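Undergrad: Data file final-v8.csv (CSV, C-alpha atoms) is appended below.
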```csv
chain,number,residue,atom,x,y,z
B,1,ASP,CA,96.3,124.0,177.0
B,2,GLY,CA,98.7,125.1,174.3
B,3,GLY,CA,101.6,127.3,175.3
B,4,ILE,CA,105.3,127.6,176.0
B,5,THR,CA,107.0,126.4,179.1
B,6,GLN,CA,110.4,127.4,180.3
B,7,SER,CA,112.2,125.8,183.2
B,8,PRO,CA,113.4,126.5,185.7
B,9,LYS,CA,112.0,129.9,186.7
B,10,TYR,CA,115.1,130.8,188.7
B,11,LEU,CA,118.6,129.4,188.1
B,12,PHE,CA,121.8,130.1,190.0
B,13,ARG,CA,125.2,129.1,188.7
B,14,LYS,CA,128.8,129.7,189.5
B,15,GLU,CA,131.0,131.6,187.1
B,16,GLY,CA,132.7,129.3,184.6
B,17,GLN,CA,129.9,126.7,184.4
B,18,ASN,CA,127.8,126.1,181.3
B,19,VAL,CA,124.0,126.1,181.9
B,20,THR,CA,121.1,125.0,179.7
B,21,LEU,CA,117.8,126.7,179.7
B,22,SER,CA,114.8,124.7,178.6
B,23,CYS,CA,112.1,125.9,176.2
B,24,GLU,CA,109.2,123.7,175.0
B,25,GLN,CA,106.1,124.6,173.0
B,26,ASN,CA,103.0,122.6,172.0
B,27,LEU,CA,101.6,125.2,169.6
B,28,ASN,CA,103.0,123.5,166.5
B,29,HIS,CA,104.9,126.7,165.7
B,30,ASP,CA,107.8,126.5,163.3
B,31,ALA,CA,109.6,129.7,164.5
B,32,MET,CA,111.2,129.9,167.9
B,33,TYR,CA,113.3,132.6,169.5
B,34,TRP,CA,115.5,133.3,172.5
B,35,TYR,CA,115.6,136.8,173.9
B,36,ARG,CA,117.6,138.4,176.7
B,37,GLN,CA,116.2,141.2,178.8
B,38,ASP,CA,118.3,143.5,181.0
B,39,PRO,CA,117.0,146.3,183.2
B,40,GLY,CA,116.2,149.5,181.2
B,41,GLN,CA,116.8,147.8,177.8
B,42,GLY,CA,114.5,146.3,175.2
B,43,LEU,CA,114.5,142.6,174.5
B,44,ARG,CA,117.5,141.6,172.4
B,45,LEU,CA,117.5,138.6,170.1
B,46,ILE,CA,120.1,135.9,170.9
B,47,TYR,CA,119.2,133.1,168.5
B,48,TYR,CA,116.2,132.1,166.3
B,49,SER,CA,115.1,129.1,164.5
B,50,GLN,CA,112.6,129.0,161.6
B,51,ILE,CA,112.5,125.2,161.2
B,52,VAL,CA,113.8,122.1,162.8
B,53,ASN,CA,117.6,121.5,162.4
B,54,ASP,CA,118.1,125.1,161.4
B,55,PHE,CA,119.0,128.1,163.5
B,56,GLN,CA,120.6,131.5,163.1
B,57,LYS,CA,122.5,133.9,165.3
B,58,GLY,CA,120.7,137.0,166.5
B,59,ASP,CA,122.2,140.3,167.6
B,60,ILE,CA,123.9,139.0,170.7
B,61,ALA,CA,124.8,135.4,170.1
B,62,GLU,CA,128.3,135.4,171.4
B,63,GLY,CA,128.7,133.1,174.4
B,64,TYR,CA,125.4,131.2,173.7
B,65,SER,CA,124.5,128.1,171.7
B,66,VAL,CA,121.2,126.4,170.7
B,67,SER,CA,119.9,123.3,169.1
B,68,ARG,CA,116.6,122.5,167.4
B,69,GLU,CA,116.4,118.7,167.0
B,70,LYS,CA,112.6,118.7,167.6
B,71,LYS,CA,109.9,121.2,166.5
B,72,GLU,CA,108.7,121.5,170.1
B,73,SER,CA,112.1,122.2,171.8
B,74,PHE,CA,114.7,124.9,171.5
B,75,PRO,CA,117.1,124.8,174.4
B,76,LEU,CA,119.6,127.6,175.0
B,77,THR,CA,123.1,126.9,176.5
B,78,VAL,CA,124.8,129.8,178.2
B,79,THR,CA,128.5,129.0,178.1
B,80,SER,CA,131.3,130.2,180.2
B,81,ALA,CA,132.3,132.4,177.3
B,82,GLN,CA,129.3,134.7,177.9
B,83,LYS,CA,130.9,137.7,179.8
B,84,ASN,CA,127.7,138.9,181.5
B,85,PRO,CA,125.2,136.0,181.7
B,86,THR,CA,123.1,137.3,184.6
B,87,ALA,CA,119.8,138.3,182.9
B,88,PHE,CA,116.2,137.4,182.3
B,89,TYR,CA,115.8,135.0,179.4
B,90,LEU,CA,112.6,134.7,177.4
B,91,CYS,CA,111.7,132.1,174.8
B,92,ALA,CA,109.1,132.8,172.2
B,93,SER,CA,107.4,131.1,169.2
B,94,SER,CA,105.3,132.2,166.3
B,95,ILE,CA,103.5,130.5,163.5
B,96,ARG,CA,105.1,132.8,161.0
B,97,PRO,CA,108.6,134.3,161.5
B,98,TRP,CA,109.7,137.8,162.2
B,99,GLY,CA,106.6,139.1,163.9
B,100,ALA,CA,104.5,138.5,160.8
B,101,GLY,CA,102.5,136.4,163.2
B,102,GLU,CA,101.6,136.9,166.8
B,103,GLN,CA,104.5,136.0,169.2
B,104,TYR,CA,103.8,133.8,172.2
B,105,PHE,CA,106.2,134.1,175.1
B,106,GLY,CA,107.2,131.7,177.8
B,107,PRO,CA,107.3,132.7,181.5
B,108,GLY,CA,111.0,133.3,181.4
B,109,THR,CA,114.0,132.1,183.3
B,110,ARG,CA,116.0,134.4,185.6
B,111,LEU,CA,119.6,133.4,185.6
B,112,THR,CA,122.0,134.6,188.2
B,113,VAL,CA,125.7,133.8,187.8
B,114,THR,CA,128.1,134.6,190.7
S,1,LYS,CA,118.8,156.9,168.2
S,2,ASN,CA,116.7,153.8,168.9
S,3,GLU,CA,114.5,152.6,166.0
S,4,VAL,CA,111.6,152.2,168.4
S,5,GLU,CA,110.9,154.9,170.9
S,6,GLN,CA,108.2,154.7,173.6
S,7,SER,CA,106.8,157.5,175.7
S,8,PRO,CA,106.5,158.0,178.5
S,9,GLN,CA,109.0,155.7,180.2
S,10,ASN,CA,107.0,155.7,183.4
S,11,LEU,CA,103.4,156.5,184.0
S,12,THR,CA,101.4,156.7,187.2
S,13,ALA,CA,97.7,157.0,187.1
S,14,GLN,CA,94.7,156.9,189.4
S,15,GLU,CA,92.2,154.2,189.0
S,16,GLY,CA,89.6,155.1,186.4
S,17,GLU,CA,91.8,157.4,184.3
S,18,PHE,CA,92.2,157.2,180.6
S,19,ILE,CA,95.8,156.2,179.7
S,20,THR,CA,97.7,156.7,176.5
S,21,ILE,CA,101.1,155.1,175.7
S,22,ASN,CA,102.9,156.2,172.5
S,23,CYS,CA,105.3,154.4,170.2
S,24,SER,CA,107.2,155.9,167.3
S,25,TYR,CA,109.4,154.0,164.9
S,26,SER,CA,111.8,155.0,162.2
S,27,VAL,CA,111.9,151.9,160.0
S,28,GLY,CA,109.6,150.3,157.5
S,29,ILE,CA,107.4,147.8,159.1
S,30,SER,CA,105.0,145.0,158.2
S,31,ALA,CA,103.3,144.9,161.6
S,32,LEU,CA,103.4,146.5,165.0
S,33,HIS,CA,102.9,144.6,168.3
S,34,TRP,CA,101.8,145.7,171.7
S,35,LEU,CA,102.9,143.4,174.5
S,36,GLN,CA,102.2,143.4,178.2
S,37,GLN,CA,104.8,142.3,180.8
S,38,HIS,CA,103.6,141.6,184.3
S,39,PRO,CA,105.9,142.0,187.4
S,40,GLY,CA,106.6,138.2,187.3
S,41,GLY,CA,108.2,138.6,183.9
S,42,GLY,CA,105.9,136.8,181.6
S,43,ILE,CA,104.9,138.6,178.4
S,44,VAL,CA,101.5,138.5,176.7
S,45,SER,CA,100.7,139.7,173.2
S,46,LEU,CA,97.9,142.3,173.3
S,47,PHE,CA,97.7,143.4,169.7
S,48,MET,CA,99.3,142.9,166.3
S,49,LEU,CA,98.3,145.5,163.8
S,50,SER,CA,99.4,146.8,160.5
S,51,SER,CA,96.8,149.5,159.9
S,52,GLY,CA,93.9,151.3,161.6
S,53,LYS,CA,92.6,150.4,165.0
S,54,LYS,CA,91.9,147.3,167.1
S,55,LYS,CA,90.0,147.0,170.3
S,56,HIS,CA,89.9,144.4,173.0
S,57,GLY,CA,87.9,145.1,176.1
S,58,ARG,CA,89.2,148.3,177.6
S,59,LEU,CA,92.3,148.3,175.4
S,60,ILE,CA,92.5,150.1,172.1
S,61,ALA,CA,95.5,150.2,169.8
S,62,THR,CA,95.9,152.5,166.8
S,63,ILE,CA,98.5,152.9,164.2
S,64,ASN,CA,99.3,155.7,161.7
S,65,ILE,CA,101.6,154.2,159.0
S,66,GLN,CA,102.3,157.6,157.4
S,67,GLU,CA,103.4,159.1,160.6
S,68,LYS,CA,105.1,156.0,161.9
S,69,HIS,CA,103.3,156.2,165.2
S,70,SER,CA,101.1,153.9,167.3
S,71,SER,CA,99.2,154.5,170.5
S,72,LEU,CA,97.9,152.1,173.1
S,73,HIS,CA,94.9,153.4,175.1
S,74,ILE,CA,93.5,152.0,178.3
S,75,THR,CA,90.0,153.2,179.3
S,76,ALA,CA,88.8,153.1,182.9
S,77,SER,CA,92.2,152.0,184.1
S,78,HIS,CA,92.4,149.5,187.0
S,79,PRO,CA,95.3,148.5,189.4
S,80,ARG,CA,95.5,145.2,187.6
S,81,ASP,CA,96.5,147.0,184.5
S,82,SER,CA,99.8,147.8,186.2
S,83,ALA,CA,102.5,146.3,184.1
S,84,VAL,CA,105.2,147.2,181.5
S,85,TYR,CA,103.8,147.8,178.1
S,86,ILE,CA,106.2,147.1,175.2
S,87,CYS,CA,105.9,148.1,171.6
S,88,ALA,CA,107.7,146.0,169.0
S,89,VAL,CA,107.8,146.4,165.2
S,90,SER,CA,108.4,143.7,162.6
S,91,THR,CA,110.4,144.5,159.6
S,92,GLY,CA,109.8,141.1,158.1
S,93,ASN,CA,107.6,140.2,155.2
S,94,TYR,CA,104.8,137.6,155.5
S,95,GLY,CA,106.2,134.3,154.4
S,96,GLY,CA,109.7,135.8,154.1
S,97,SER,CA,112.9,134.6,155.6
S,98,GLN,CA,114.4,138.0,156.4
S,99,GLY,CA,113.5,140.6,158.8
S,100,ASN,CA,113.7,141.5,162.4
S,101,LEU,CA,111.5,142.2,165.4
S,102,ILE,CA,112.7,145.4,167.1
S,103,PHE,CA,111.5,146.1,170.7
S,104,GLY,CA,111.0,149.4,172.5
S,105,LYS,CA,112.3,149.7,176.0
S,106,GLY,CA,108.8,149.6,177.5
S,107,THR,CA,106.5,151.9,179.5
S,108,LYS,CA,106.1,151.1,183.1
S,109,LEU,CA,102.5,151.8,184.2
S,110,SER,CA,101.3,151.9,187.7
S,111,VAL,CA,97.6,152.4,188.5
S,112,LYS,CA,96.8,153.5,192.0
S,113,PRO,CA,93.5,152.6,193.7
```
Take the structure in the file and write it out as structure tokens.

TA:
Amino acid sequence: DGGITQSPKYLFRKEGQNVTLSCEQNLNHDAMYWYRQDPGQGLRLIYYSQIVNDFQKGDIAEGYSVSREKKESFPLTVTSAQKNPTAFYLCASSIRPWGAGEQYFGPGTRLTVT
Amino acid sequence: KNEVEQSPQNLTAQEGEFITINCSYSVGISALHWLQQHPGGGIVSLFMLSSGKKKHGRLIATINIQEKHSSLHITASHPRDSAVYICAVSTGNYGGSQGNLIFGKGTKLSVKP
């Protein structure tokens, strides 16, 4: 079955540690996205990639980094510089960028930093 | 003011009721999306539309481009419809490299048996 996988579902880290969230898709989509969701707020874009080896900052990229070495994979690293990292993180992909095509979402990773 | 506004924020209905969730936006768009987020957090795309009306099972989505408004209707609601429904608009052009996907804050629907 085609889809997007994110792992792990729940992640706990101590403050000051970097942590990497995994996102893999087998939909053959060029465009991939990372969003952050906080209670009472809409999804906010962290980073996006329209093609392998290329990625761009979204609205809230500070304290995050990404890589896109393979079409299928778009990992997100939450660095110690992110001031408020506890949140629900969603990865998505689409065949066309910017909502011009249907977006497919992964199940999400809930990160708690203490 | 948010560029995408949804109403109501919360909605409680009895099983079988007809439900309407509204979405208004203030930017030019190329498409509007309705998404469903279940309590576990996963999000599913329900509709993507740029004009008129689409229907899938008990769900109907309409959009009025002139009024910058869309509605999501659920007929014969069921407790399994309980979820957060999110409206998102795309400001990108097909095949273009610029644009954005702007999300509303969601409408939390609870359908009681």

Undergrad: Quick one: contact table of chain B to chain S, 9 Å max, nearest atom pair and distance in Å to one decimal per residue, counting only C-alpha atoms, chain and number order, as a tab-separated table?

TA:
```
residue	atom	partner	partner_atom	distance
B:Gly40	CA	S:Lys105	CA	6.5
B:Gln41	CA	S:Lys105	CA	5.2
B:Gly42	CA	S:Lys105	CA	4.1
B:Leu43	CA	S:Phe103	CA	6.0
B:Arg44	CA	S:Phe103	CA	7.7
B:Leu45	CA	S:Leu101	CA	8.4
B:Gln50	CA	S:Ser97	CA	8.2
B:Phe88	CA	S:Gly41	CA	8.2
B:Leu90	CA	S:Gly42	CA	8.2
B:Arg96	CA	S:Gly95	CA	6.9
B:Pro97	CA	S:Ser97	CA	7.3
B:Trp98	CA	S:Gly92	CA	5.3
B:Gly99	CA	S:Ser90	CA	5.1
B:Ala100	CA	S:Tyr94	CA	5.4
B:Gly101	CA	S:Met48	CA	7.9
B:Glu102	CA	S:Met48	CA	6.4
B:Gln103	CA	S:Ser45	CA	6.6
B:Tyr104	CA	S:Ser45	CA	6.7
B:Phe105	CA	S:Ile43	CA	5.7
B:Gly106	CA	S:Gly42	CA	6.5
B:Pro107	CA	S:Gly42	CA	4.3
B:Gly108	CA	S:Gly42	CA	6.2
B:Thr109	CA	S:Gly41	CA	8.7
```

Undergrad: Using Å and a single decimal, report how far CA of Pro8 (chain S) sits from CA of Ser82 (chain S).

TA: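 Straight-line distance from CA of Ser82 (chain S) to CA of Pro8 (chain S) works out to 14.4 Å.
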
Undergrad: Between B:Tyr64, B:Phe55, B:Tyr10, B:Tyr35, single out the one closest to Leu76 (chain B), counting all atoms listed in the file.

TA: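 Smallest separation from Leu76 (chain B) among the options: B:Tyr64.
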
Undergrad: Please report the interatomic distance between CA of Asn18 (chain B) and CA of Val52 (chain B) in Å with one decimal.

TA: 23.5 Å

Undergrad: Show me the residues around (100.4, 123.9, 163.5) - criterion: an atom at most 12 Å away, all atoms listed in the file counted - as a PyMOL selection string.

TA: chain B and resi 2+25-31+71-72+93-96

Undergrad: Within 9 Å of Leu21 (chain B), counting all atoms listed in the file, which residues show up once you throw out same-chain ones fewer than 3 positions away? Write them as a ChimeraX atom specification, please.

TA: /B:6-8,11,74-78,89,109

Undergrad: Would you pick out the contacts of Tyr25 (chain S) at 8 Å or less, using all atoms listed in the file, so that residues sharing its chain but fewer than 2 positions from it are not included, and give the list as a list in words?

TA: Glu3, Val4, Glu5, Cys23, Val27, Lys68, His69 and Val89 of chain S

Undergrad: Env of Ala13 (chain S): 7 Å cut, atoms = only C-alpha atoms, seq-sep filter 5 positions within chain, self excluded. Answer as a ChimeraX atom specification.

TA: /S:110-112

Undergrad: I'd like the neighbourhood of Ile46 (chain B) as number ranges by chain, where a residue qualifies if any of its atoms comes within 8 Å (using only C-alpha atoms), though same-chain residues fewer than 3 positions away should be ignored.

TA: B: 33-36, 57-61, 64

Undergrad: Around (91.7, 156.1, 187.7), as given in the file, which residues come within 12 Å? Count only C-alpha atoms and list them as JSON, numbers by chain.

TA: {"S": [12, 13, 14, 15, 16, 17, 18, 19, 74, 75, 76, 77, 78, 79, 80, 81, 82, 110, 111, 112, 113]}

Undergrad: To one decimal in Å, tell me the separation between CA of Ser24 (chain S) and CA of Pro39 (chain S).

TA: 24.5 Å
